[in-house]
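Working notes, beginning with the structure itself.
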Amino acid sequence: MSFQGLMLIKNIDNIEFVMKFSSIALGQATHLLLNCIPGQKLMDHSANVFYSIYEINWYEMPITVQKMLLLMMRRSLKETKITVGTLVVFSIETYSSLMKMTFSYLSVLNSMK
């Protein structure tokens with residue numbers, strides 16, 4: 001995306017070129033955002049599972065159900081998330097840091113011309 005931004009800046013006079021590269025860059029940013037939003041929602045809902053289980057009337061349920069709820073609560077302490085390999089977690093924080101990095105690379109590349 002930084003390369004495409006640099007190409008946009010260098011060829012700002014060519015309107016056809018600008019339209020092509022800006023639509024590609026916008027598509028990439030949108031695609032990344034649409035991948036990060038479900039990851040963020042999964043993390044948010046995963047964090048709320050423990051409290052949702054605890055708030056039900058578990059003490060009025062049979063012992064077997066209480067044991068299953070206890071196992072569910074224990075498992076819900078570990079956050080569920082969508083990752084790319086083991087490197088990156090899809091979240092809004094990841095999206096914002098990638099966009100910041102893209103624009104900082106773009107400013108460095110632009111200053112070098």
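We label chains A, B, ... in the order they appear in the structure tokens, count residues from 1 in each chain, and number ligands from 1 in the order shown.
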May I have the residues within 10 Å of region 32-40 of chain A as a list in words, using only C-alpha atoms and disregarding those fewer than 3 positions away in the same chain?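 Skipping anything fewer than 3 positions along the chain leaves Leu26, Gly27, Gln28, Ala29, Met43, Asp44, His45, Ser46, Thr80, Lys81, Ile82, Thr83, Val89, Phe90, Ser91, Ile92, Glu93, Thr94, Tyr95, Ser96, Leu98 and Met99 of chain A.
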Selection export as an mmCIF file, in the first residue's frame, atoms kept: N, CA, C and O atoms:
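Listed below is the output, part_13.cif:
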```
data_model
loop_
_atom_site.group_PDB
_atom_site.id
_atom_site.type_symbol
_atom_site.label_atom_id
_atom_site.label_comp_id
_atom_site.auth_asym_id
_atom_site.auth_seq_id
_atom_site.Cartn_x
_atom_site.Cartn_y
_atom_site.Cartn_z
ATOM 1 N N LEU A 26 -7.523 1.687 -2.000
ATOM 2 C CA LEU A 26 -8.739 1.717 -1.203
ATOM 3 C C LEU A 26 -9.310 0.311 -1.034
ATOM 4 O O LEU A 26 -9.773 -0.064 0.051
ATOM 5 N N GLY A 27 -9.250 -0.497 -2.081
ATOM 6 C CA GLY A 27 -9.708 -1.878 -2.004
ATOM 7 C C GLY A 27 -8.888 -2.702 -1.018
ATOM 8 O O GLY A 27 -9.432 -3.499 -0.270
ATOM 9 N N GLN A 28 -7.575 -2.494 -1.026
ATOM 10 C CA GLN A 28 -6.721 -3.228 -0.083
ATOM 11 C C GLN A 28 -7.007 -2.821 1.355
ATOM 12 O O GLN A 28 -7.066 -3.676 2.253
ATOM 13 N N ALA A 29 -7.175 -1.525 1.597
ATOM 14 C CA ALA A 29 -7.465 -1.055 2.954
ATOM 15 C C ALA A 29 -8.823 -1.579 3.424
ATOM 16 O O ALA A 29 -8.966 -1.996 4.580
ATOM 17 N N MET A 43 -12.952 -11.545 19.548
ATOM 18 C CA MET A 43 -12.230 -11.266 20.794
ATOM 19 C C MET A 43 -13.155 -10.646 21.833
ATOM 20 O O MET A 43 -13.087 -10.987 23.022
ATOM 21 N N ASP A 44 -14.014 -9.719 21.410
ATOM 22 C CA ASP A 44 -14.940 -9.071 22.354
ATOM 23 C C ASP A 44 -15.929 -10.066 22.944
ATOM 24 O O ASP A 44 -16.158 -10.081 24.155
ATOM 25 N N HIS A 45 -16.518 -10.900 22.091
ATOM 26 C CA HIS A 45 -17.489 -11.884 22.590
ATOM 27 C C HIS A 45 -16.811 -12.956 23.433
ATOM 28 O O HIS A 45 -17.395 -13.450 24.400
ATOM 29 N N SER A 46 -15.597 -13.311 23.080
ATOM 30 C CA SER A 46 -14.855 -14.302 23.847
ATOM 31 C C SER A 46 -14.584 -13.804 25.267
ATOM 32 O O SER A 46 -14.617 -14.580 26.217
ATOM 33 N N THR A 80 -10.125 -16.211 22.775
ATOM 34 C CA THR A 80 -10.153 -16.773 21.434
ATOM 35 C C THR A 80 -9.901 -15.652 20.439
ATOM 36 O O THR A 80 -10.459 -14.562 20.565
ATOM 37 N N LYS A 81 -9.055 -15.911 19.448
ATOM 38 C CA LYS A 81 -8.734 -14.874 18.468
ATOM 39 C C LYS A 81 -8.383 -15.491 17.124
ATOM 40 O O LYS A 81 -8.004 -16.660 17.054
ATOM 41 N N ILE A 82 -8.526 -14.701 16.081
ATOM 42 C CA ILE A 82 -8.164 -15.122 14.731
ATOM 43 C C ILE A 82 -6.758 -14.600 14.463
ATOM 44 O O ILE A 82 -6.492 -13.411 14.619
ATOM 45 N N THR A 83 -5.874 -15.505 14.059
ATOM 46 C CA THR A 83 -4.496 -15.101 13.803
ATOM 47 C C THR A 83 -4.074 -15.457 12.385
ATOM 48 O O THR A 83 -4.660 -16.329 11.757
ATOM 49 N N VAL A 89 -2.528 -10.987 15.045
ATOM 50 C CA VAL A 89 -3.902 -11.193 15.481
ATOM 51 C C VAL A 89 -4.773 -10.183 14.747
ATOM 52 O O VAL A 89 -4.476 -8.990 14.736
ATOM 53 N N PHE A 90 -5.852 -10.665 14.105
ATOM 54 C CA PHE A 90 -6.767 -9.753 13.421
ATOM 55 C C PHE A 90 -7.590 -9.000 14.458
ATOM 56 O O PHE A 90 -8.387 -9.581 15.178
ATOM 57 N N SER A 91 -7.386 -7.690 14.529
ATOM 58 C CA SER A 91 -8.167 -6.833 15.423
ATOM 59 C C SER A 91 -8.111 -5.413 14.877
ATOM 60 O O SER A 91 -7.352 -5.109 13.963
ATOM 61 N N ILE A 92 -8.901 -4.548 15.459
ATOM 62 C CA ILE A 92 -8.911 -3.151 15.034
ATOM 63 C C ILE A 92 -7.574 -2.499 15.383
ATOM 64 O O ILE A 92 -7.085 -1.639 14.657
ATOM 65 N N GLU A 93 -6.974 -2.930 16.471
ATOM 66 C CA GLU A 93 -5.658 -2.411 16.855
ATOM 67 C C GLU A 93 -4.617 -2.756 15.789
ATOM 68 O O GLU A 93 -3.783 -1.925 15.432
ATOM 69 N N THR A 94 -4.671 -3.968 15.267
ATOM 70 C CA THR A 94 -3.762 -4.382 14.200
ATOM 71 C C THR A 94 -3.985 -3.548 12.950
ATOM 72 O O THR A 94 -3.035 -3.105 12.307
ATOM 73 N N TYR A 95 -5.254 -3.336 12.607
ATOM 74 C CA TYR A 95 -5.582 -2.536 11.422
ATOM 75 C C TYR A 95 -5.031 -1.126 11.554
ATOM 76 O O TYR A 95 -4.407 -0.611 10.627
ATOM 77 N N SER A 96 -5.234 -0.509 12.701
ATOM 78 C CA SER A 96 -4.758 0.870 12.870
ATOM 79 C C SER A 96 -3.237 0.938 12.856
ATOM 80 O O SER A 96 -2.658 1.861 12.276
ATOM 81 N N LEU A 98 -1.210 -1.115 11.255
ATOM 82 C CA LEU A 98 -0.773 -1.338 9.874
ATOM 83 C C LEU A 98 -0.987 -0.090 9.016
ATOM 84 O O LEU A 98 -0.145 0.243 8.171
ATOM 85 N N MET A 99 -2.091 0.596 9.230
ATOM 86 C CA MET A 99 -2.335 1.824 8.469
ATOM 87 C C MET A 99 -1.339 2.913 8.862
ATOM 88 O O MET A 99 -0.832 3.644 7.999
#
```
Would you kindly return, as a CSV table (one decimal) with N, CA, C and O atoms, in the first residue's frame, each protein, DNA or RNA residue with an atom no farther than 9 Å from any atom of Leu77 (chain A), considering only C-alpha atoms and excluding same-chain residues fewer than 6 positions away?
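Now in selection-v5.csv:
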```csv
chain,number,residue,atom,x,y,z
A,46,SER,N,-15.6,-13.3,23.1
A,46,SER,CA,-14.9,-14.3,23.8
A,46,SER,C,-14.6,-13.8,25.3
A,46,SER,O,-14.6,-14.6,26.2
A,47,ALA,N,-14.3,-12.5,25.4
A,47,ALA,CA,-14.1,-12.0,26.7
A,47,ALA,C,-15.3,-11.9,27.6
A,47,ALA,O,-15.2,-12.0,28.8
A,49,VAL,N,-17.8,-14.3,27.6
A,49,VAL,CA,-18.4,-15.6,27.9
A,49,VAL,C,-18.3,-15.9,29.4
A,49,VAL,O,-19.3,-16.4,29.9
A,50,PHE,N,-17.2,-15.7,30.0
A,50,PHE,CA,-17.0,-16.0,31.4
A,50,PHE,C,-18.1,-15.3,32.3
A,50,PHE,O,-18.8,-16.0,33.1
```
Can you tell me which residues surround Leu6 (chain A) at a distance of at most 10 Å, considering only C-alpha atoms, apart from same-chain residues fewer than 2 positions away, and format the answer as a list in words?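 Contacts, with the query itself left out: Met1, Ser2, Phe3, Gln4, Leu8, Ile9, Lys10, Asn11, Ile12, Phe21, Phe103, Tyr105, Leu106, Ser107, Val108, Leu109, Asn110 and Lys113 of chain A.
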I need the residues in chain A that are strand (DSSP E) according to DSSP; give them as a short mmCIF file (atom, residue, chain, number, x, y, z; two decimals) with all heavy atoms, in the first residue's frame.
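Writing the result to selection_18.cif gives the following:
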```cif
data_model
loop_
_atom_site.label_atom_id
_atom_site.label_comp_id
_atom_site.auth_asym_id
_atom_site.auth_seq_id
_atom_site.Cartn_x
_atom_site.Cartn_y
_atom_site.Cartn_z
N THR A 83 -5.87 -15.51 14.06
CA THR A 83 -4.50 -15.10 13.80
C THR A 83 -4.07 -15.46 12.38
O THR A 83 -4.66 -16.33 11.76
CB THR A 83 -3.52 -15.80 14.78
OG1 THR A 83 -3.62 -17.20 14.60
CG2 THR A 83 -3.81 -15.44 16.21
N VAL A 84 -3.06 -14.77 11.93
CA VAL A 84 -2.41 -15.09 10.66
C VAL A 84 -1.16 -15.87 11.05
O VAL A 84 -0.18 -15.29 11.51
CB VAL A 84 -2.03 -13.82 9.88
CG1 VAL A 84 -1.31 -14.18 8.60
CG2 VAL A 84 -3.24 -12.97 9.62
N VAL A 88 0.31 -12.48 13.59
CA VAL A 88 -0.56 -11.31 13.70
C VAL A 88 -1.95 -11.73 14.13
O VAL A 88 -2.50 -12.70 13.62
CB VAL A 88 -0.64 -10.57 12.34
CG1 VAL A 88 -1.54 -9.37 12.42
CG2 VAL A 88 0.74 -10.17 11.86
N VAL A 89 -2.53 -10.99 15.04
CA VAL A 89 -3.90 -11.19 15.48
C VAL A 89 -4.77 -10.18 14.75
O VAL A 89 -4.48 -8.99 14.74
CB VAL A 89 -4.04 -10.98 17.00
CG1 VAL A 89 -5.48 -11.08 17.43
CG2 VAL A 89 -3.17 -11.97 17.75
#
```
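Taking CA of Gly5 (chain A) and CA of Ile24 (chain A) as the two end points, the separation is 10.1 Å.
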Nearby residues (only C-alpha atoms) at most 10 Å from Asn57 (chain A), same-chain spacing under 4 positions excluded, as a tab-separated table (two decimals) with all heavy atoms, in the first residue's frame:
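Okay, part_1.tsv is ready:
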```
chain	number	residue	atom	x	y	z
A	53	ILE	N	-21.72	-16.72	31.64
A	53	ILE	CA	-21.97	-18.00	32.32
A	53	ILE	C	-22.16	-17.78	33.82
A	53	ILE	O	-23.04	-18.36	34.44
A	53	ILE	CB	-20.81	-18.98	32.06
A	53	ILE	CG1	-20.78	-19.39	30.59
A	53	ILE	CG2	-20.96	-20.23	32.93
A	53	ILE	CD1	-19.55	-20.18	30.21
A	61	MET	N	-28.98	-25.29	39.22
A	61	MET	CA	-28.94	-26.35	38.21
A	61	MET	C	-28.39	-27.63	38.81
A	61	MET	O	-27.75	-27.62	39.86
A	61	MET	CB	-28.06	-25.89	37.05
A	61	MET	CG	-28.62	-24.70	36.33
A	61	MET	SD	-27.61	-24.26	34.96
A	61	MET	CE	-28.52	-22.89	34.31
A	66	GLN	N	-23.61	-27.99	36.44
A	66	GLN	CA	-22.68	-27.10	37.13
A	66	GLN	C	-21.23	-27.45	36.77
A	66	GLN	O	-20.41	-26.56	36.56
A	66	GLN	CB	-22.86	-27.18	38.65
A	66	GLN	CG	-24.11	-26.53	39.14
A	66	GLN	CD	-24.25	-26.62	40.65
A	66	GLN	OE1	-23.30	-26.95	41.37
A	66	GLN	NE2	-25.45	-26.34	41.14
```
